[in-house]
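Only one structure is covered here, and it is reproduced in the block below.
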Amino acid sequence: YCVFLDQAYTCHSDDLQLDKKKIHMDYYKSLDIFFSKIEKKFKLKVKIALHPKNYLPQKYFFGRSAYLGSTAKLVRESKFVFAHTSLSISYAILNLKPLIFLNSKIFNDYSDNGEDVRIAKILSNYLGCEFLNIDKFTPKNSLKLKVNETLYNKYKYNYIVSKNKEGISSRDIFINKIKKIKL
């Protein structure tokens, strides 16, 4: 299977500027059309890694399996990953999974002045990943499913972990710092 990192794009409680005229179904229907093409082309299922703040009912996922609290495992066991700008892309980077950043007119419309789309484009460039407009995708298109390990490692060491602390738990780092404090 492949996995989509949901962001609760249309229903996130942190979105104080949510336009009540926006309809959840428009966004999820556009994803459904794209995911159906992917499932047919690659002969695999698309699973949804739900954002913790996504309160929408299962009908918005058109029969696809949606999981809460299993993002790391879903990404680790997937073939590749679809995302917008989720912090969960770190799981794909750490597991060297191909990332495809999604774009479309409707995503741009839901984004504050296109900000999320611009961020996804920047991330795709930084990581050497595909920035895919799902409105234009057909089963004849290919996907860039090769990982640029150099760029993934650059992201990893710039934003996730430092080289000198890799493999050490946050708990141990914290406790060692506390022990060094002289009261």
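Within each chain, counting starts at residue 1; across the structure tokens, chains are named A, B, ... in the order shown, with ligands numbered 1 upward in that order.
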
Margin query: Please list as a PyMOL selection string every residue within 12 Å of Phe137 in chain A, counting only C-alpha atoms and excluding residues in the same chain fewer than 5 positions away.
Written below: chain A and resi 30-31+33-38+41+102-104+131-132+142-143

Please write the residues from the selection above to a file, keeping N, CA and C atoms, as a PDB file, in the first residue's frame.
```pdb
ATOM      1  N   SER A  30     -11.875  15.181  -4.604  1.00  0.00           N
ATOM      2  CA  SER A  30     -10.734  15.337  -5.511  1.00  0.00           C
ATOM      3  C   SER A  30      -9.632  14.346  -5.156  1.00  0.00           C
ATOM      4  N   LEU A  31      -9.413  14.125  -3.873  1.00  0.00           N
ATOM      5  CA  LEU A  31      -8.441  13.114  -3.457  1.00  0.00           C
ATOM      6  C   LEU A  31      -8.892  11.720  -3.870  1.00  0.00           C
ATOM      7  N   ILE A  33     -10.728  10.757  -6.400  1.00  0.00           N
ATOM      8  CA  ILE A  33     -10.519  10.555  -7.841  1.00  0.00           C
ATOM      9  C   ILE A  33      -9.049  10.236  -8.117  1.00  0.00           C
ATOM     10  N   PHE A  34      -8.167  11.012  -7.510  1.00  0.00           N
ATOM     11  CA  PHE A  34      -6.733  10.780  -7.690  1.00  0.00           C
ATOM     12  C   PHE A  34      -6.314   9.425  -7.112  1.00  0.00           C
ATOM     13  N   PHE A  35      -6.741   9.126  -5.883  1.00  0.00           N
ATOM     14  CA  PHE A  35      -6.347   7.861  -5.255  1.00  0.00           C
ATOM     15  C   PHE A  35      -6.855   6.658  -6.038  1.00  0.00           C
ATOM     16  N   SER A  36      -8.032   6.770  -6.630  1.00  0.00           N
ATOM     17  CA  SER A  36      -8.564   5.671  -7.459  1.00  0.00           C
ATOM     18  C   SER A  36      -7.643   5.411  -8.648  1.00  0.00           C
ATOM     19  N   LYS A  37      -7.132   6.474  -9.258  1.00  0.00           N
ATOM     20  CA  LYS A  37      -6.193   6.322 -10.374  1.00  0.00           C
ATOM     21  C   LYS A  37      -4.898   5.655  -9.908  1.00  0.00           C
ATOM     22  N   ILE A  38      -4.425   6.054  -8.735  1.00  0.00           N
ATOM     23  CA  ILE A  38      -3.193   5.482  -8.183  1.00  0.00           C
ATOM     24  C   ILE A  38      -3.386   3.994  -7.883  1.00  0.00           C
ATOM     25  N   LYS A  41      -3.436   2.103 -11.179  1.00  0.00           N
ATOM     26  CA  LYS A  41      -2.129   2.099 -11.842  1.00  0.00           C
ATOM     27  C   LYS A  41      -1.131   1.186 -11.135  1.00  0.00           C
ATOM     28  N   LEU A 102       1.402  16.767  -2.988  1.00  0.00           N
ATOM     29  CA  LEU A 102       0.216  16.937  -3.813  1.00  0.00           C
ATOM     30  C   LEU A 102      -0.194  18.402  -3.939  1.00  0.00           C
ATOM     31  N   ASN A 103      -0.696  18.717  -5.116  1.00  0.00           N
ATOM     32  CA  ASN A 103      -1.174  20.055  -5.423  1.00  0.00           C
ATOM     33  C   ASN A 103      -2.407  19.920  -6.323  1.00  0.00           C
ATOM     34  N   SER A 104      -3.260  20.903  -6.274  1.00  0.00           N
ATOM     35  CA  SER A 104      -4.390  21.009  -7.189  1.00  0.00           C
ATOM     36  C   SER A 104      -5.040  22.366  -6.984  1.00  0.00           C
ATOM     37  N   PHE A 131       6.402  17.197  -7.086  1.00  0.00           N
ATOM     38  CA  PHE A 131       5.325  18.116  -6.723  1.00  0.00           C
ATOM     39  C   PHE A 131       4.260  17.904  -7.781  1.00  0.00           C
ATOM     40  N   LEU A 132       3.209  17.183  -7.442  1.00  0.00           N
ATOM     41  CA  LEU A 132       2.272  16.652  -8.424  1.00  0.00           C
ATOM     42  C   LEU A 132       0.931  17.361  -8.378  1.00  0.00           C
ATOM     43  N   SER A 142       3.944   8.836 -14.988  1.00  0.00           N
ATOM     44  CA  SER A 142       4.762   8.089 -14.032  1.00  0.00           C
ATOM     45  C   SER A 142       4.951   8.969 -12.798  1.00  0.00           C
ATOM     46  N   LEU A 143       5.344   8.357 -11.716  1.00  0.00           N
ATOM     47  CA  LEU A 143       5.635   9.088 -10.485  1.00  0.00           C
ATOM     48  C   LEU A 143       7.123   8.957 -10.186  1.00  0.00           C
TER      49      LEU A 143
END
```

Checklist line | Test item: residues at most 7 Å from range 91-98 of chain A, only C-alpha atoms, excluding those fewer than 5 positions along its chain, as a list in words | finding: Ala72, Val75, Arg76, Lys79, Phe80, Val81, Leu145, Lys146, Val147 and Tyr152 of chain A

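Residue neighbourhood of Ile119 in chain A, excluding near-sequence residues (fewer than 5 positions): His84, Thr85, Gly114 and Ser124 of chain A, at 9 Å, using only C-alpha atoms.
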
Check: Rounded to one decimal in Å, what is the spacing between CA of Tyr157 in chain A and CA of Glu130 in chain A?
Finding: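 CA of Glu130 in chain A lies at a distance of 21.2 Å from CA of Tyr157 in chain A.
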
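Between CA of Ile134 in chain A and CA of Asp26 in chain A there is a distance of 13.7 Å.
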
Notebook entry, point to check: For Ile160 in chain A, which residue out of A:Ser88, A:Gln7, A:Asn108, A:Ser65 is the nearest one, using only C-alpha atoms?
Noted result: A:Ser88

Check: At what distance in Å, to one decimal, does CA of Gly69 in chain A lie from CA of Lys43 in chain A?
Finding: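 These two atoms are separated by 25.7 Å.
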
Item checked: Residue nearest Asn148 in chain A among A:Tyr126, A:Tyr27, A:Phe61, A:Phe107 (counting only C-alpha atoms) ->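 For Asn148 in chain A, the nearest of the given residues is A:Tyr126.
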
Notebook entry, point to check: In range 32-82 of chain A, what's alpha helix (DSSP H) per DSSP? Answer as number ranges by chain?
Noted result: A: 32-42, 71-76

For the selection you just gave me, I'd like the residues written to a file as a tab-separated table (two decimals), in the first residue's frame, keeping N, CA and C atoms.
```tsv
chain	number	residue	atom	x	y	z
A	32	ASP	N	-10.18	11.43	-3.71
A	32	ASP	CA	-10.70	10.11	-4.07
A	32	ASP	C	-10.47	9.81	-5.54
A	33	ILE	N	-10.73	10.76	-6.40
A	33	ILE	CA	-10.52	10.56	-7.84
A	33	ILE	C	-9.05	10.24	-8.12
A	34	PHE	N	-8.17	11.01	-7.51
A	34	PHE	CA	-6.73	10.78	-7.69
A	34	PHE	C	-6.31	9.43	-7.11
A	35	PHE	N	-6.74	9.13	-5.88
A	35	PHE	CA	-6.35	7.86	-5.25
A	35	PHE	C	-6.86	6.66	-6.04
A	36	SER	N	-8.03	6.77	-6.63
A	36	SER	CA	-8.56	5.67	-7.46
A	36	SER	C	-7.64	5.41	-8.65
A	37	LYS	N	-7.13	6.47	-9.26
A	37	LYS	CA	-6.19	6.32	-10.37
A	37	LYS	C	-4.90	5.66	-9.91
A	38	ILE	N	-4.43	6.05	-8.73
A	38	ILE	CA	-3.19	5.48	-8.18
A	38	ILE	C	-3.39	3.99	-7.88
A	39	GLU	N	-4.52	3.66	-7.26
A	39	GLU	CA	-4.79	2.26	-6.91
A	39	GLU	C	-4.85	1.39	-8.16
A	40	LYS	N	-5.44	1.91	-9.20
A	40	LYS	CA	-5.55	1.16	-10.45
A	40	LYS	C	-4.17	1.01	-11.11
A	41	LYS	N	-3.44	2.10	-11.18
A	41	LYS	CA	-2.13	2.10	-11.84
A	41	LYS	C	-1.13	1.19	-11.13
A	42	PHE	N	-1.06	1.27	-9.81
A	42	PHE	CA	-0.03	0.54	-9.06
A	42	PHE	C	-0.54	-0.76	-8.44
A	71	THR	N	0.54	6.66	12.27
A	71	THR	CA	1.22	7.26	11.13
A	71	THR	C	2.63	6.70	10.93
A	72	ALA	N	3.42	6.62	11.99
A	72	ALA	CA	4.80	6.14	11.86
A	72	ALA	C	4.83	4.72	11.29
A	73	LYS	N	3.98	3.85	11.79
A	73	LYS	CA	3.94	2.46	11.32
A	73	LYS	C	3.44	2.39	9.88
A	74	LEU	N	2.40	3.15	9.56
A	74	LEU	CA	1.87	3.16	8.20
A	74	LEU	C	2.93	3.60	7.20
A	75	VAL	N	3.66	4.65	7.53
A	75	VAL	CA	4.70	5.14	6.63
A	75	VAL	C	5.82	4.11	6.50
A	76	ARG	N	6.26	3.58	7.62
A	76	ARG	CA	7.36	2.61	7.61
A	76	ARG	C	7.06	1.41	6.71
```

Check: Which of these, A:Ala66, A:Ile122, A:Leu44, A:Met25, has the shortest distance to Asp6 in chain A once you count only C-alpha atoms?
Finding: A:Ala66

Next item on the list: Write down as a list of chain:residue names the residues belonging to range 11-175 of chain A that are assigned strand (DSSP E) by DSSP computed on the backbone.
Entry: A:Val46, A:Lys47, A:Ile48, A:Ala49, A:Leu50, A:Ala66, A:Tyr67, A:Leu68, A:Val81, A:Phe82, A:Ala83, A:Leu99, A:Ile100, A:Phe101, A:Leu102, A:Asn103, A:Glu130, A:Phe131, A:Leu132, A:Asn133
